[in-house]
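Each remark here refers to the structure printed beneath this line.
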Amino acid sequence: MKTVHQCWECGKVHDTLEAAQNCHKAPTQSFIKGYDRWYKRKGLLGN
C-alpha cells in the first residue's frame with residue numbers, strides 16, 4: 001500500500017507530504033492507495 005498526498009489548490013497528487021505542502025502552500029489531504037483501489041478503478045474504466 002502507498003500513501004499519496006494531494007494539494008487542494010490544484011488537485012495534483014504527490015508522493016511526499018513535503019512536495020504537496022510546497023505545491024501551492026495550500027491545505028493537503030492524504031490517502032492510502034491499495035490493491036483494492038486499483039481493481040475498482042480498472043473495473044470502472046472497463047479495461
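Residues are referred to by chain and number: the chain letter is A, B, ... according to the order shown in the C-alpha cells, the number counts from 1 in that chain, and ligands are numbered separately from 1 in the order shown.
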
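Excluding Phe31 of chain A and any residue on its chain fewer than 3 positions from it, the residues at most 8 Å away by only C-alpha atoms are Thr3, Val4 and His5 of chain A.
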
Practice problem: Just the residues within 7 Å of segment 18-21 of chain A, please, counting only C-alpha atoms, with nothing from its chain fewer than 6 positions along; format it as a ChimeraX atom specification. | Solution: /A:5-7,28

Any chance you could export the current selection's C-alpha atoms as an mmCIF file, in the first residue's frame?
data_model
loop_
_atom_site.group_PDB
_atom_site.id
_atom_site.type_symbol
_atom_site.label_atom_id
_atom_site.label_comp_id
_atom_site.auth_asym_id
_atom_site.auth_seq_id
_atom_site.Cartn_x
_atom_site.Cartn_y
_atom_site.Cartn_z
ATOM 1 C CA HIS A 5 -0.803 13.357 -0.760
ATOM 2 C CA GLN A 6 -2.976 15.760 -2.745
ATOM 3 C CA CYS A 7 -2.811 19.540 -2.957
ATOM 4 C CA THR A 28 -3.390 18.941 1.712
#
